[in-house]
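Participant: One structure follows; several queries about it will come next.
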Amino acid sequence: MISLKKVSKVYDDGFQALKNIDLTFEEGQINVLIGPSGCGKTTTMKLLNRLTAYTDGEIMINGKNLKDTDPIELRRQMGYVIQNIGLFPHMSISKNIATVPKLLKWDNERIKKRVDELLEMVDLPPNEYRHRYPSELSGGQQQRVGVIRALAAEPSTILMDEPFSALDPISREQLQDELVRLQKEINKTIIFVTHDMDEAIKIADQIILMQDGHIVQKGTPKEILTNPVNDFVKEFIGEDRLGSMLPSLSDFVEKNAPTVTLSQSVKKAVELMVDCEFTEIPVVDEKGKFIGMLGLYHTLNNMQMKLGELIDDSIKPIKQKMETGQLIHRFNESRFTIYPVLSDDGRVEGIVQRSKMYQLLNQFYEHKSGGQSWN
């Protein structure tokens, strides 16, 4: 567990890079620091392996104060992947990967086994790549080696400072996929700096969005996309991305959903809701036009009343043209668990259930991770 408490950083020239930061990096997850240039994301990362010293506050790693840890030992216990890869050009791939294990005085057999295991993990056959040199690999292959070198000594934490930003788009996407796949196997605490929102959305378990040395918002990609806290977050994400990152309303609509008519008895209406496991149900007239909602619990408490007297007409039904983000906001602000979807002439064409909508959204974000798409 890594936690920052009231951490500030002021440079010698008086520039305050970090301002009273409170932050916990989730263990065993990919934590992405993102924000515009100068926001403090790289400074935050460099505090963790003591490449930069903080001015005020406290950083705790696994219950131990960072300032009580020897910097050299700390860096050997953390993996570190940087933008320009940083492989030693005069050393073979196997020797590059073995750098930290050798410093930790692992025996040769253990090192060889670990090197081969890691090369296999990223689809670089050991017999083919073990004795090659960095210049004999593509940029994407070199960065794969950079990633597994950071894993060589089996650290619990890996720092990744814009590791894929210098790669071509295809290699970059492949490496993002590779990281997501690897994380499912290695389950490390990864702190990843990027300026690319698409990359953050794709790989992150937790996104930490920064501005001017402050944390503006943190949460899962879904939470950030569906509930941006202010205009800065909306602008940084991008309105186009906000819309395109969500499935359309039609993906959530349940067509031909059951409704209650005014001619039905209260008892029949309750039986229908129970059978469908609805806590609310739309009520329509003889032409199928929406009148209001009938609530299960309110109806059960007032079985002696007429059905027309139990209708709640306060709900604002939705139209097919509504944006998904608006629907999510409507559910977040409402007590209703079901919204009727109306045609232009006011007939109920279907419903959207809150629980099923969030279930589908979860599936959507799981599909988005690793480059898969919504279908």
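Chain identifiers are assigned as A, B, and so on, following the order in which chains appear in the structure tokens; residues are numbered from 1 within each chain, and ligands are numbered from 1 in order of appearance.
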Per DSSP on the backbone, filter region 174-296 of chain A down to the residues in alpha helix (DSSP H) and report them as a ChimeraX atom specification.

Facilitator: /A:174-186,197-203,221-226,231-237,239-244,266-276,296

Participant: Please give the complete set of residues from region 127-327 of chain A that DSSP, run on the backbone, assigns to strand (DSSP E), formatted as a ChimeraX atom specification.

Facilitator: /A:157-161,189-194,206-211,214-219,254-255,260-261,280-284,290-295,318-319

Participant: Between A:Leu118, A:Met303, A:Ile315, A:Val81, which one has atoms that come closest to Pro163 (chain A), using only C-alpha atoms?

Facilitator: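 Between A:Leu118, A:Met303, A:Ile315, A:Val81, the residue approaching Pro163 (chain A) most closely is A:Val81.
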
Participant: Residues within 10 Å of Ser37 (chain A), please, as a ChimeraX atom specification. Count only C-alpha atoms; anything in the same chain fewer than 6 positions from it doesn't count.

Facilitator: /A:195,210-212

Participant: Within 9 Å of Gln217 (chain A), counting only C-alpha atoms, which residues show up once you throw out same-chain ones fewer than 6 positions away? Write them as a ChimeraX atom specification, please.

Facilitator: /A:207-210,224,228-229,233

Participant: Would you put the residues from that selection into a file with N, CA and C atoms, as an mmCIF file, in the first residue's frame?

Facilitator:
data_model
loop_
_atom_site.group_PDB
_atom_site.id
_atom_site.type_symbol
_atom_site.label_atom_id
_atom_site.label_comp_id
_atom_site.auth_asym_id
_atom_site.auth_seq_id
_atom_site.Cartn_x
_atom_site.Cartn_y
_atom_site.Cartn_z
ATOM 1 N N ILE A 207 -7.966 6.118 -12.376
ATOM 2 C CA ILE A 207 -7.407 7.297 -13.034
ATOM 3 C C ILE A 207 -7.315 8.414 -12.006
ATOM 4 N N ILE A 208 -6.142 9.084 -11.953
ATOM 5 C CA ILE A 208 -5.948 10.235 -11.078
ATOM 6 C C ILE A 208 -5.657 11.425 -11.976
ATOM 7 N N LEU A 209 -6.610 12.320 -12.103
ATOM 8 C CA LEU A 209 -6.497 13.461 -13.003
ATOM 9 C C LEU A 209 -6.023 14.679 -12.212
ATOM 10 N N MET A 210 -4.908 15.275 -12.670
ATOM 11 C CA MET A 210 -4.274 16.365 -11.937
ATOM 12 C C MET A 210 -4.309 17.665 -12.727
ATOM 13 N N ILE A 224 -15.050 8.382 -14.092
ATOM 14 C CA ILE A 224 -14.561 9.636 -14.665
ATOM 15 C C ILE A 224 -15.392 10.034 -15.882
ATOM 16 N N PRO A 228 -17.932 13.424 -14.733
ATOM 17 C CA PRO A 228 -16.853 14.415 -14.614
ATOM 18 C C PRO A 228 -17.260 15.507 -13.630
ATOM 19 N N VAL A 229 -16.333 15.872 -12.715
ATOM 20 C CA VAL A 229 -16.725 16.737 -11.596
ATOM 21 C C VAL A 229 -16.824 18.207 -11.969
ATOM 22 N N VAL A 233 -12.420 18.830 -16.182
ATOM 23 C CA VAL A 233 -12.402 17.392 -16.460
ATOM 24 C C VAL A 233 -13.106 17.110 -17.783
#

Participant: Between A:Glu136, A:Glu309, A:Tyr11, A:Glu26, which residue has the minimum interatomic distance to Gly40 (chain A), considering only C-alpha atoms?

Facilitator: A:Tyr11

Participant: Find the residues around region 320-337 of chain A up to 7 Å (only C-alpha atoms counted), leave out those fewer than 2 positions away in its own chain, and share them as a VMD selection string.

Facilitator: chain A and resid 226 246 248 to 249 318 339 341 353 to 354

Participant: Could you check which of A:Asp285, A:Glu254, A:Glu154, A:Asp12 is closest to Glu349 (chain A), using only C-alpha atoms?

Facilitator: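 Smallest distance to Glu349 (chain A) is found for A:Glu254.
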
Participant: So, counting only C-alpha atoms, which residue among A:Gln142, A:Gln29, A:Gln16, A:Gln304 is closest to Gln206 (chain A)?

Facilitator: A:Gln29

Participant: Excluding His131 (chain A) and residues on its chain fewer than 5 positions from it, collect all residues at most 7 Å away from it, counting only C-alpha atoms, and give them as a list in words.

Facilitator: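 Near neighbours after the sequence-gap exclusion: Ser92, Ile93 and Ser94 of chain A.
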
Participant: Region 125-230 of chain A near region 96-112 of chain A within 9 Å: what's each residue's closest atom pair and its distance in Å to one decimal, counting only C-alpha atoms, ordered by chain then ascending residue number, as a Markdown table?

Facilitator:
| residue | atom | partner | partner_atom | distance |
| --- | --- | --- | --- | --- |
| A:Val145 | CA | A:Ile97 | CA | 7.1 |
| A:Gly146 | CA | A:Ile97 | CA | 7.8 |
| A:Ile148 | CA | A:Ile97 | CA | 7.0 |
| A:Arg149 | CA | A:Ile97 | CA | 4.3 |
| A:Ala150 | CA | A:Ile97 | CA | 7.9 |
| A:Leu151 | CA | A:Ile97 | CA | 8.6 |
| A:Ala152 | CA | A:Ile97 | CA | 6.4 |
| A:Ala153 | CA | A:Pro101 | CA | 5.4 |

Participant: What separation in Å, quoted to one decimal, exists between CA of Ile59 (chain A) and CA of Asp13 (chain A)?

Facilitator: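 If I compute the distance from CA of Ile59 (chain A) to CA of Asp13 (chain A), I get 23.3 Å.
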
Participant: Set the distance at 12 Å and use only C-alpha atoms: which residues neighbour Asp68 (chain A) once local chain neighbours fewer than 5 positions away are removed? I'd like the list as a ChimeraX atom specification.

Facilitator: /A:50,58-61,63,73-74

Participant: So how many Å separate CA of Asp177 (chain A) and CA of Lys202 (chain A), to one decimal?

Facilitator: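 Spanning CA of Asp177 (chain A) to CA of Lys202 (chain A) is a straight-line distance of 8.6 Å.
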
Participant: Enter the distance from CA of Glu27 (chain A) to CA of Lys234 (chain A), in Å, rounded to one decimal.

Facilitator: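 One can read the CA of Glu27 (chain A) to CA of Lys234 (chain A) distance as 27.5 Å.
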